[in-house]
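Next comes input_8.txt, a file with compact mmCIF, C-alpha atoms.
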# COMPACT_ATOMS: atom_id res chain seq x y z
CA MET W 1 276.73 169.30 -124.66
CA LYS W 2 274.48 167.60 -127.14
CA PHE W 3 272.55 170.86 -127.49
CA PHE W 4 275.71 172.60 -128.50
CA TYR W 5 276.47 170.35 -131.39
CA THR W 6 272.92 170.38 -132.61
CA ILE W 7 273.07 174.13 -132.69
CA ALA W 8 276.49 174.14 -134.24
CA ALA W 9 275.34 171.82 -136.97
CA MET W 10 272.36 173.97 -137.75
CA MET W 11 274.36 177.17 -137.83
CA LEU W 12 276.60 176.24 -140.73
CA GLY W 13 273.97 177.17 -143.24
CA PHE W 14 272.63 180.19 -141.44
CA ALA W 15 273.54 183.66 -140.48
CA ILE W 16 271.40 185.63 -138.10
CA PHE W 17 269.12 188.69 -137.85
CA ALA W 18 266.56 190.38 -135.59
CA ALA W 19 263.33 188.56 -135.02
CA ASP W 20 259.76 189.58 -134.44
CA ASP W 21 257.02 187.23 -133.35
CA ALA W 22 254.11 189.39 -134.58
CA ALA W 23 251.47 187.21 -136.22
CA LEU W 24 253.58 184.17 -136.89
CA GLN W 25 251.81 181.89 -139.35
CA PRO W 26 252.50 178.17 -139.30
CA VAL W 27 253.62 176.81 -142.65
CA ALA W 28 251.44 173.88 -143.64
CA ASP W 29 254.04 172.05 -145.69
CA ALA W 30 257.51 172.62 -144.30
CA GLN W 31 259.22 170.29 -146.74
CA PRO W 32 260.00 172.85 -149.50
CA ILE W 33 261.41 175.20 -146.90
CA LEU W 34 263.56 172.51 -145.39
CA GLN W 35 264.85 171.61 -148.83
CA ASP W 36 265.72 175.25 -149.47
CA LEU W 37 267.49 175.29 -146.13
CA GLN W 38 269.38 172.15 -147.00
CA ARG W 39 270.50 173.67 -150.29
CA LYS W 40 271.84 176.75 -148.50
CA MET W 41 273.58 174.66 -145.86
CA SER W 42 275.35 172.54 -148.41
CA SER W 43 276.84 175.56 -150.17
CA LEU W 44 278.44 177.36 -147.23
CA GLY W 45 282.10 176.66 -146.54
CA SER W 46 282.82 178.59 -143.36
CA VAL W 47 281.20 180.95 -140.91
CA TYR W 48 282.28 183.09 -137.95
CA PHE W 49 279.85 184.19 -135.23
CA GLU W 50 280.21 186.44 -132.24
CA LEU W 51 277.58 185.51 -129.70
CA THR W 52 276.01 186.15 -126.35
CA GLN W 53 274.66 183.20 -124.40
CA GLU W 54 271.90 183.88 -121.90
CA ARG W 55 270.90 181.20 -119.46
CA HIS W 56 267.44 181.97 -118.10
CA LEU W 57 266.65 180.10 -114.90
CA LYS W 58 263.37 180.80 -113.14
CA LEU W 59 265.24 180.99 -109.90
CA PHE W 60 267.42 183.91 -110.96
CA THR W 61 266.16 187.42 -111.53
CA ASP W 62 268.74 188.10 -114.23
CA PRO W 63 269.98 185.72 -116.91
CA LEU W 64 273.45 184.23 -116.55
CA LYS W 65 275.38 185.69 -119.45
CA SER W 66 278.52 184.71 -121.27
CA GLU W 67 280.22 185.98 -124.40
CA GLY W 68 282.02 184.06 -127.06
CA VAL W 69 282.56 183.07 -130.65
CA MET W 70 281.66 180.09 -132.78
CA LEU W 71 283.58 179.17 -135.91
CA ILE W 72 282.70 176.44 -138.34
CA GLU W 73 284.63 175.26 -141.37
CA ARG W 74 283.59 172.59 -143.80
CA PRO W 75 283.66 169.69 -143.75
CA ASP W 76 283.64 169.10 -140.02
CA ARG W 77 285.72 171.58 -138.03
CA ILE W 78 284.20 173.61 -135.22
CA ARG W 79 285.50 175.94 -132.52
CA TRP W 80 283.35 177.18 -129.65
CA GLU W 81 285.13 179.71 -127.46
CA THR W 82 283.88 181.46 -124.36
CA THR W 83 285.65 184.78 -123.88
CA ALA W 84 283.84 186.14 -120.80
CA PRO W 85 283.40 185.84 -117.85
CA TYR W 86 286.02 183.09 -118.22
CA GLN W 87 288.05 181.81 -121.17
CA SER W 88 287.61 178.36 -122.60
CA ILE W 89 287.98 176.78 -126.05
CA LEU W 90 286.24 173.66 -127.32
CA LEU W 91 287.45 172.24 -130.63
CA GLY W 92 286.09 169.37 -132.61
CA ASP W 93 286.23 167.56 -135.92
CA LYS W 94 285.18 164.17 -137.20
CA LYS W 95 288.09 162.46 -135.48
CA SER W 96 288.48 164.10 -132.08
CA VAL W 97 287.57 166.83 -129.63
CA ALA W 98 289.73 168.99 -127.36
CA GLN W 99 289.19 171.57 -124.66
CA PHE W 100 291.44 174.31 -123.33
CA GLU W 101 291.06 176.49 -120.24
CA PHE W 102 292.86 179.78 -119.71
CA ALA W 103 294.28 180.33 -116.24
CA ASP W 104 297.27 182.11 -114.74
CA GLY W 105 298.15 183.65 -118.08
CA LYS W 106 298.31 180.46 -120.10
CA TRP W 107 296.14 177.91 -121.86
CA GLU W 108 295.92 174.42 -120.48
CA LYS W 109 294.70 171.48 -122.53
CA LEU W 110 292.33 169.32 -120.53
CA LYS W 111 292.29 165.56 -120.36
CA LEU W 112 288.71 165.47 -121.45
CA GLY W 113 286.19 163.09 -119.90
CA PHE W 114 283.68 161.25 -122.11
CA PRO W 115 285.23 162.34 -125.45
CA GLN W 116 283.48 159.47 -127.24
CA MET W 117 280.09 161.01 -126.53
CA LEU W 118 281.17 164.29 -128.05
CA GLN W 119 282.66 162.43 -130.95
CA ARG W 120 279.38 160.75 -131.77
CA VAL W 121 277.60 164.08 -131.88
CA MET W 122 280.39 165.51 -134.01
CA ASP W 123 279.71 162.78 -136.54
CA GLN W 124 276.09 163.87 -136.64
CA MET W 125 277.23 167.41 -137.15
CA SER W 126 279.36 166.32 -140.05
CA LEU W 127 276.31 164.80 -141.70
CA MET W 128 274.48 168.05 -141.22
CA ASN W 129 277.32 170.00 -142.75
CA GLN W 130 276.94 167.90 -145.83
CA GLY W 131 273.38 169.14 -146.07
CA ARG W 132 271.87 165.93 -144.67
CA LEU W 133 268.76 167.37 -143.09
CA ASP W 134 267.29 163.90 -143.18
CA ALA W 135 269.60 163.12 -140.27
CA LEU W 136 267.92 165.87 -138.30
CA THR W 137 264.37 164.90 -139.21
CA SER W 138 264.98 161.42 -137.87
CA ASP W 139 265.59 162.87 -134.40
CA TYR W 140 263.23 165.87 -134.43
CA THR W 141 259.75 166.82 -135.54
CA ILE W 142 260.32 170.03 -137.43
CA SER W 143 257.78 172.79 -138.01
CA VAL W 144 258.10 176.24 -139.54
CA ALA W 145 256.24 179.49 -138.86
CA THR W 146 256.83 182.81 -140.57
CA ASN W 147 255.77 186.42 -140.80
CA GLN W 148 257.14 189.48 -142.62
CA THR W 149 260.31 189.72 -140.57
CA VAL W 150 261.17 186.31 -139.21
CA ALA W 151 261.04 182.61 -139.87
CA VAL W 152 261.04 180.30 -136.88
CA LEU W 153 262.12 176.72 -137.22
CA THR W 154 260.96 174.67 -134.25
CA LEU W 155 262.45 171.28 -133.55
CA VAL W 156 260.82 168.96 -131.03
CA PRO W 157 262.80 165.86 -130.04
CA LYS W 158 261.09 162.61 -130.97
CA ASP W 159 262.80 160.75 -128.15
CA LYS W 160 260.86 160.99 -124.89
CA ASN W 161 264.05 160.84 -122.86
CA VAL W 162 265.54 163.77 -124.75
CA ARG W 163 262.33 165.73 -124.22
CA GLY W 164 262.94 165.27 -120.52
CA THR W 165 265.72 167.81 -120.81
CA LEU W 166 264.95 169.65 -124.06
CA SER W 167 261.32 170.48 -124.86
CA SER W 168 262.07 172.24 -128.10
CA LEU W 169 264.71 174.11 -129.97
CA GLU W 170 263.91 177.24 -131.95
CA VAL W 171 266.06 178.67 -134.69
CA ARG W 172 265.01 182.17 -135.62
CA MET W 173 266.01 183.30 -139.08
CA GLN W 174 265.40 185.87 -141.75
CA PRO W 175 262.30 185.03 -143.79
CA ASP W 176 264.44 183.97 -146.75
CA PHE W 177 266.56 181.75 -144.47
CA SER W 178 269.67 183.56 -145.58
CA ALA W 179 270.52 184.51 -142.02
CA THR W 180 269.72 183.50 -138.45
CA ARG W 181 269.47 185.71 -135.42
CA GLU W 182 269.20 183.47 -132.41
CA VAL W 183 268.67 179.98 -131.11
CA VAL W 184 266.47 179.28 -128.11
CA MET W 185 266.48 175.99 -126.24
CA HIS W 186 263.41 175.42 -124.09
CA GLU W 187 263.38 173.02 -121.16
CA PRO W 188 260.40 171.27 -119.58
CA ASN W 189 260.57 173.41 -116.44
CA ASP W 190 260.38 176.67 -118.45
CA ASP W 191 264.05 177.42 -118.08
CA PHE W 192 265.68 178.26 -121.39
CA THR W 193 268.95 179.18 -123.03
CA ARG W 194 269.13 181.88 -125.67
CA ILE W 195 272.12 182.24 -127.94
CA ILE W 196 272.12 185.59 -129.68
CA PHE W 197 274.39 185.97 -132.67
CA ASN W 198 275.64 189.54 -132.70
CA ARG W 199 278.01 189.46 -135.65
CA GLU W 200 278.58 187.04 -138.44
CA LYS W 201 280.95 186.61 -141.36
CA ARG W 202 280.56 183.97 -144.01
CA GLU W 203 282.99 182.33 -146.38
CA VAL W 204 285.96 183.54 -144.38
CA LYS W 205 289.50 182.19 -144.38
CA PHE W 206 290.57 181.45 -140.83
CA PRO W 207 294.20 181.62 -139.61
CA PRO W 208 295.96 178.24 -140.05
CA GLU W 209 295.88 177.13 -136.40
CA THR W 210 292.29 178.16 -135.72
CA PHE W 211 291.14 174.55 -135.27
CA ASP W 212 294.47 173.12 -134.09
CA GLN W 213 293.73 170.75 -131.23
CA ALA W 214 297.28 170.98 -129.89
CA LYS W 215 297.81 174.73 -129.96
CA PRO W 216 294.87 176.70 -131.29
CA ALA W 217 295.34 180.20 -132.67
CA ALA W 218 294.60 183.02 -130.26
CA ILE W 219 291.21 184.64 -130.56
CA GLU W 220 292.92 188.00 -131.07
CA ALA W 221 294.54 186.73 -134.26
CA ILE W 222 291.25 185.35 -135.50
CA ARG W 223 289.43 188.59 -134.75
CA ALA W 224 292.10 190.57 -136.57
CA THR W 225 291.57 188.37 -139.61
CA MET W 226 287.82 188.79 -139.36
CA SER W 227 288.19 192.57 -139.15
CA ASN W 228 289.99 192.52 -142.49
CA ALA W 229 287.55 190.10 -144.08
CA PRO W 230 285.06 191.56 -146.60
CA MET F 1 292.27 175.96 -93.53
CA ARG F 2 295.21 173.65 -92.92
CA PRO F 3 298.43 175.60 -92.36
CA ASN F 4 300.69 175.25 -95.36
CA LEU F 5 304.30 174.92 -94.19
CA PHE F 6 305.74 175.83 -97.54
CA ILE F 7 303.81 179.09 -97.65
CA VAL F 8 304.87 179.91 -94.09
CA LEU F 9 308.54 179.24 -94.89
CA PHE F 10 308.32 181.20 -98.11
CA ALA F 11 306.72 184.10 -96.30
CA LEU F 12 309.45 184.07 -93.66
CA LEU F 13 312.19 183.98 -96.30
CA ALA F 14 310.56 186.70 -98.31
CA ALA F 15 310.19 188.83 -95.22
CA GLY F 16 313.85 188.28 -94.37
CA CYS F 17 315.09 189.18 -97.84
CA ALA F 18 312.86 192.09 -98.57
CA ALA F 19 314.06 195.59 -97.82
CA PRO F 20 312.59 197.83 -96.75
CA LYS F 21 310.26 195.68 -94.76
CA SER F 22 306.59 196.36 -95.19
CA ILE F 23 303.63 195.29 -93.18
CA GLU F 24 301.55 192.82 -95.18
CA PRO F 25 297.85 192.52 -94.51
CA PRO F 26 297.12 189.46 -92.42
CA PRO F 27 296.00 186.44 -94.42
CA VAL F 28 292.30 185.84 -94.59
CA ALA F 29 291.34 183.43 -91.83
CA HIS F 30 288.69 181.74 -93.95
CA PRO F 31 287.86 182.10 -97.64
CA ALA F 32 284.26 182.90 -96.74
CA ARG F 33 285.50 186.25 -95.52
CA LEU F 34 286.65 187.08 -99.05
CA PHE F 35 283.03 187.38 -100.07
CA PRO F 36 280.37 189.86 -98.99
CA THR F 37 277.92 188.44 -96.48
CA GLU F 38 275.19 188.80 -99.09
CA ALA F 39 276.27 188.10 -102.65
CA PHE F 40 275.90 186.23 -105.90
CA VAL F 41 279.16 184.57 -106.92
CA THR F 42 280.09 182.98 -110.24
CA GLN F 43 282.87 180.41 -110.32
CA ARG F 44 284.52 178.35 -113.03
CA ALA F 45 285.81 174.93 -112.06
CA VAL F 46 287.82 172.08 -113.47
CA LEU F 47 286.87 168.80 -111.83
CA THR F 48 289.43 166.01 -112.14
CA VAL F 49 288.27 162.47 -111.47
CA HIS F 50 290.55 159.51 -112.18
CA GLY F 51 292.70 161.72 -114.38
CA ARG F 52 289.80 162.93 -116.50
CA GLN F 53 288.77 166.57 -116.46
CA PHE F 54 285.36 168.21 -116.67
CA THR F 55 284.62 171.91 -116.70
CA LEU F 56 281.76 173.24 -114.61
CA ASN F 57 280.19 176.57 -113.77
CA GLY F 58 279.03 177.29 -110.24
CA TYR F 59 276.55 179.96 -109.22
CA VAL F 60 276.35 180.64 -105.52
CA ALA F 61 273.77 182.78 -103.73
CA LYS F 62 275.10 183.64 -100.29
CA SER F 63 273.11 184.98 -97.38
CA GLU F 64 274.31 185.30 -93.82
CA THR F 65 270.85 184.60 -92.45
CA ARG F 66 269.34 182.35 -95.10
CA GLY F 67 272.19 180.09 -96.09
CA LEU F 68 273.84 179.06 -99.34
CA ARG F 69 272.38 177.98 -102.66
CA LEU F 70 274.58 176.47 -105.35
CA ILE F 71 273.67 175.63 -108.91
CA VAL F 72 276.23 173.73 -110.94
CA THR F 73 275.98 173.74 -114.72
CA GLU F 74 277.93 172.21 -117.57
CA ASN F 75 279.54 174.37 -120.25
CA PHE F 76 276.36 175.15 -122.10
CA GLY F 77 274.10 175.81 -119.16
CA GLY F 78 272.56 172.44 -118.40
CA VAL F 79 271.94 172.18 -114.65
CA LEU F 80 273.82 169.24 -113.15
CA ALA F 81 273.30 169.93 -109.47
CA ASP F 82 271.26 172.23 -107.26
CA VAL F 83 271.78 172.25 -103.53
CA LEU F 84 270.67 174.40 -100.63
CA VAL F 85 272.53 174.59 -97.33
CA LYS F 86 270.50 176.15 -94.54
CA PRO F 87 272.13 178.23 -91.83
CA ASP F 88 271.72 175.33 -89.40
CA GLY F 89 273.77 173.16 -91.73
CA LYS F 90 270.87 171.18 -93.13
CA ILE F 91 271.60 170.11 -96.70
CA ILE F 92 268.79 169.87 -99.23
CA VAL F 93 269.58 168.43 -102.64
CA LEU F 94 267.13 169.96 -105.10
CA LYS F 95 268.60 168.41 -108.20
CA ALA F 96 271.28 165.91 -109.04
CA GLY F 97 271.72 164.95 -112.67
CA PRO F 98 274.28 162.77 -114.40
CA PRO F 99 277.12 162.45 -113.68
CA PHE F 100 276.26 163.54 -110.14
CA ARG F 101 274.26 161.31 -107.83
CA PRO F 102 272.17 162.83 -105.03
CA ALA F 103 274.34 161.27 -102.35
CA TRP F 104 277.42 162.66 -104.06
CA VAL F 105 275.91 166.14 -104.18
CA GLU F 106 274.99 165.95 -100.51
CA ARG F 107 278.25 164.51 -99.32
CA TYR F 108 280.81 166.25 -101.49
CA ILE F 109 279.41 169.22 -103.41
CA ALA F 110 277.67 170.62 -100.33
CA ALA F 111 280.84 170.09 -98.30
CA ASP F 112 282.93 171.87 -100.94
CA LEU F 113 280.43 174.72 -100.97
CA GLU F 114 280.57 175.09 -97.22
CA SER F 115 284.33 174.84 -97.07
CA ILE F 116 284.61 178.00 -99.15
CA PHE F 117 281.53 179.99 -98.29
CA ASP F 118 280.67 179.09 -94.70
CA ASP F 119 283.20 180.36 -92.20
CA HIS F 120 281.60 178.22 -89.49
CA ALA F 121 282.21 175.05 -91.46
CA LYS F 122 284.56 172.48 -90.03
CA THR F 123 287.91 172.38 -91.83
CA ASP F 124 289.11 168.97 -92.90
CA GLY F 125 292.29 170.02 -94.68
CA SER F 126 290.96 169.40 -98.14
CA LEU F 127 290.94 173.07 -99.19
CA ARG F 128 293.93 175.07 -100.37
CA MET F 129 293.55 178.77 -101.08
CA LEU F 130 296.07 179.70 -103.77
CA SER F 131 294.86 183.28 -104.04
CA ASP F 132 291.79 185.32 -103.18
CA THR F 133 290.10 183.97 -106.29
CA HIS F 134 291.67 180.55 -106.71
CA PHE F 135 290.91 177.49 -104.57
CA VAL F 136 291.79 173.84 -104.86
CA ILE F 137 289.85 171.14 -103.04
CA GLU F 138 291.35 167.67 -102.95
CA ARG F 139 289.55 164.69 -101.56
CA GLY F 140 290.11 161.00 -101.98
CA GLY F 141 288.51 160.60 -105.36
CA TYR F 142 288.73 164.01 -106.99
CA GLU F 143 290.32 167.42 -107.29
CA LEU F 144 288.29 170.56 -107.82
CA ASP F 145 290.14 173.60 -109.14
CA LEU F 146 287.91 176.62 -108.57
CA ARG F 147 288.27 180.20 -109.71
CA THR F 148 285.98 183.04 -108.79
CA VAL F 149 285.15 184.99 -111.94
CA ASP F 150 282.46 187.36 -110.72
CA VAL F 151 281.06 188.63 -107.42
CA LYS F 152 277.88 190.67 -107.27
CA PRO F 153 277.38 192.02 -103.75
CA GLY F 154 273.89 192.49 -102.41
CA PRO F 155 271.01 190.53 -100.96
CA GLN F 156 269.60 187.71 -103.09
CA PRO F 157 265.89 186.94 -103.48
CA ALA F 158 264.48 185.07 -100.50
CA GLU F 159 263.07 182.36 -102.81
CA MET F 160 266.59 181.26 -103.57
CA PHE F 161 266.90 179.96 -100.04
CA GLU F 162 263.57 178.21 -99.89
CA THR F 163 262.72 174.73 -101.02
CA ALA F 164 259.07 175.39 -101.86
CA GLY F 165 258.90 176.67 -105.40
CA GLY F 166 262.64 176.83 -105.63
CA GLY F 167 263.20 173.19 -106.41
CA ARG F 168 264.06 171.94 -109.85
CA PRO F 169 262.33 169.02 -111.51

Conversion result in structure tokens:
Amino acid sequence: MKFFYTIAAMMLGFAIFAADDAALQPVADAQPILQDLQRKMSSLGSVYFELTQERHLKLFTDPLKSEGVMLIERPDRIRWETTAPYQSILLGDKKSVAQFEFADGKWEKLKLGFPQMLQRVMDQMSLMNQGRLDALTSDYTISVATNQTVAVLTLVPKDKNVRGTLSSLEVRMQPDFSATREVVMHEPNDDFTRIIFNREKREVKFPPETFDQAKPAAIEAIRATMSNAP
Amino acid sequence: MRPNLFIVLFALLAAGCAAPKSIEPPPVAHPARLFPTEAFVTQRAVLTVHGRQFTLNGYVAKSETRGLRLIVTENFGGVLADVLVKPDGKIIVLKAGPPFRPAWVERYIAADLESIFDDHAKTDGSLRMLSDTHFVIERGGYELDLRTVDVKPGPQPAEMFETAGGGRP
């Protein structure tokens, strides 16, 4: 779950494009790039992503795939929704988190376990949304590598315990950092999760109940709004 | 599966009221027979413990001759449990991560797996089959609401049913 919020926090400033690893060159001084990134993050108010999540386990021949959307609205509202092969909505803001599951034709709000843990991470996300990359650098060693078509931001957890489950996290972006294509989370045993962002809209106005933790707007209504967005 | 009196009564009433009468297919004797003998099954679950709910994904490789392999993940793919049940009933816990303890995986998760996917498993009355894709398992300390969301028929790689090389750190 912690991975999710880290990713969510990072995505507010980015939108995503195709990547190519050919001749990636490490950037000696990543600081100017991170500052540029921070500037972009602090200026974006909302973003809508359609995504595919691939879970690659060595054991399985094919990745485990799911489809969904991620919506973020400043200052601290986030919605992560899985649309296939099952339907589930996770909502969060600085104050609380909520989860809904769709079954038998209706949504059910869950009595969520461990909400305080999610809440803590949401607070971190809020800091990120304010452009506080310093919050991220305290937890991760960040390096940057680029070529003509892609910039790869690699984050390695400083905490040994965290590295026990997450070796590194890659965010793959356009070279000018205006857009991101995918996020890859590597694990110590070579398993990894890839989140591919297929479609993205920035500075959108979401329907009023999009982040409502009592009765969130239906994804169909949100998609209709996105279809009409410029 | 434990006979459910309500369902039996309802079925009798429905049969009595319905006209014309039709012959319904007999109920499945065991949920394992809902699945191909060789298959990869994806399930979504809501686990309720002490009134608190957690969502889980379950991925089950099923082989008539090799056994059952279950991997349980949290919402975003983190593996919480990995267990292999051999055809002779031997349970091998390959991974148990928080909040699951190895003993818990062996005692409960493996038992839940067998209750649905192994038609030779002993029934203890904890499983209710609400439909062909919806199961509820209730034990003393928890309720597991399980829904099958995908079934891919066909033999699974042999490595999935082996401990050597198939274990997870």

_To one decimal place in Å, what is the distance between atom CA of W:Glu200 and atom CA of W:Glu50?_
6.4 Å

Residues of chain F within 10 Å of chain W: nearest atom pair and distance (Å, one decimal) for each, counting only C-alpha atoms, sorted by chain and number, as CSV?
residue,atom,partner,partner_atom,distance
F:Thr42,CA,W:Pro85,CA,8.8
F:Gln43,CA,W:Tyr86,CA,8.9
F:Arg44,CA,W:Tyr86,CA,7.2
F:Ala45,CA,W:Glu101,CA,9.8
F:Val46,CA,W:Glu101,CA,8.7
F:Leu47,CA,W:Gly113,CA,9.9
F:Thr48,CA,W:Lys111,CA,8.7
F:Val49,CA,W:Gly113,CA,8.7
F:His50,CA,W:Gly113,CA,9.6
F:Gly51,CA,W:Lys111,CA,7.1
F:Arg52,CA,W:Gly113,CA,5.0
F:Gln53,CA,W:Leu112,CA,5.1
F:Phe54,CA,W:Gly113,CA,6.1
F:Thr55,CA,W:Glu101,CA,8.7
F:Asn57,CA,W:Tyr86,CA,9.8
F:Tyr59,CA,W:Leu64,CA,9.0
F:Ala61,CA,W:Phe60,CA,9.7
F:Glu74,CA,W:Met1,CA,7.8
F:Asn75,CA,W:Met1,CA,7.3
F:Phe76,CA,W:Met1,CA,6.4
F:Gly77,CA,W:Arg55,CA,6.3
F:Gly78,CA,W:Met1,CA,8.2
F:Val79,CA,W:Leu57,CA,9.5
F:His134,CA,W:Ala103,CA,9.9
F:Arg147,CA,W:Ala103,CA,8.9
F:Thr148,CA,W:Tyr86,CA,9.4
F:Val149,CA,W:Pro85,CA,6.2
F:Asp150,CA,W:Pro85,CA,7.4
F:Gln156,CA,W:Phe60,CA,9.0
F:Pro157,CA,W:Thr61,CA,8.1
F:Glu159,CA,W:Leu59,CA,7.5
F:Met160,CA,W:Leu59,CA,6.5
F:Gly165,CA,W:Leu59,CA,8.9
F:Gly166,CA,W:Leu59,CA,6.5
F:Gly167,CA,W:Leu59,CA,8.8
F:Arg168,CA,W:Asn189,CA,7.6
F:Pro169,CA,W:Asn189,CA,6.8

*Please measure the separation of atom CA of W:Trp107 and atom CA of F:Gly125, giving the value in Å to one decimal.*
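So the two atoms, atom CA of W:Trp107 and atom CA of F:Gly125, lie 28.6 Å apart.
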
*Give me, please, the distance in Å between atom CA of W:Leu169 and atom CA of W:Val183, quoted to one decimal.*
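Between atom CA of W:Leu169 and atom CA of W:Val183 the gap is 7.2 Å.
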
*Which residue of F:Asp118, F:Lys62, F:Phe161, F:Glu138 approaches F:Leu94 most closely, using all atoms listed in the file*: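 Of F:Asp118, F:Lys62, F:Phe161, F:Glu138, the one nearest F:Leu94 is F:Phe161, counting all atoms listed in the file.
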
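If only C-alpha atoms are the atoms counted, then among F:Lys152, F:Gly67, F:Leu127, F:Glu114 the closest residue to W:Asp62 is F:Lys152.
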
*asked:* Give me the residues near F:Tyr108 as a VMD selection string, where near means some atom within 12 Å (using all atoms listed in the file) and where sequence neighbours in that chain fewer than 2 positions away do not count.
replied: chain F and resid 81 83 91 93 100 to 106 110 to 115 126 137 to 144

*asked:* Measuring between all atoms listed in the file, which one of F:Ile109, F:Ala121, F:Leu84, F:Ile92 shows the shortest distance to F:Ala32?
replied: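 Closest residue, counting all atoms listed in the file: F:Ala121.
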
I'd like the neighbourhood of stretch 216-229 of chain W as a PDB file with C-alpha atoms, in the coordinates of the input, where a residue qualifies if any of its atoms comes within 8 Å (using only C-alpha atoms), though same-chain residues fewer than 6 positions away should be ignored.
ATOM      1  CA  LYS W 201     280.950 186.610-141.360  1.00  0.00           C
ATOM      2  CA  VAL W 204     285.960 183.540-144.380  1.00  0.00           C
ATOM      3  CA  PHE W 206     290.570 181.450-140.830  1.00  0.00           C
ATOM      4  CA  PRO W 207     294.200 181.620-139.610  1.00  0.00           C
ATOM      5  CA  PRO W 208     295.960 178.240-140.050  1.00  0.00           C
ATOM      6  CA  GLU W 209     295.880 177.130-136.400  1.00  0.00           C
ATOM      7  CA  THR W 210     292.290 178.160-135.720  1.00  0.00           C
TER       8      THR W 210
END
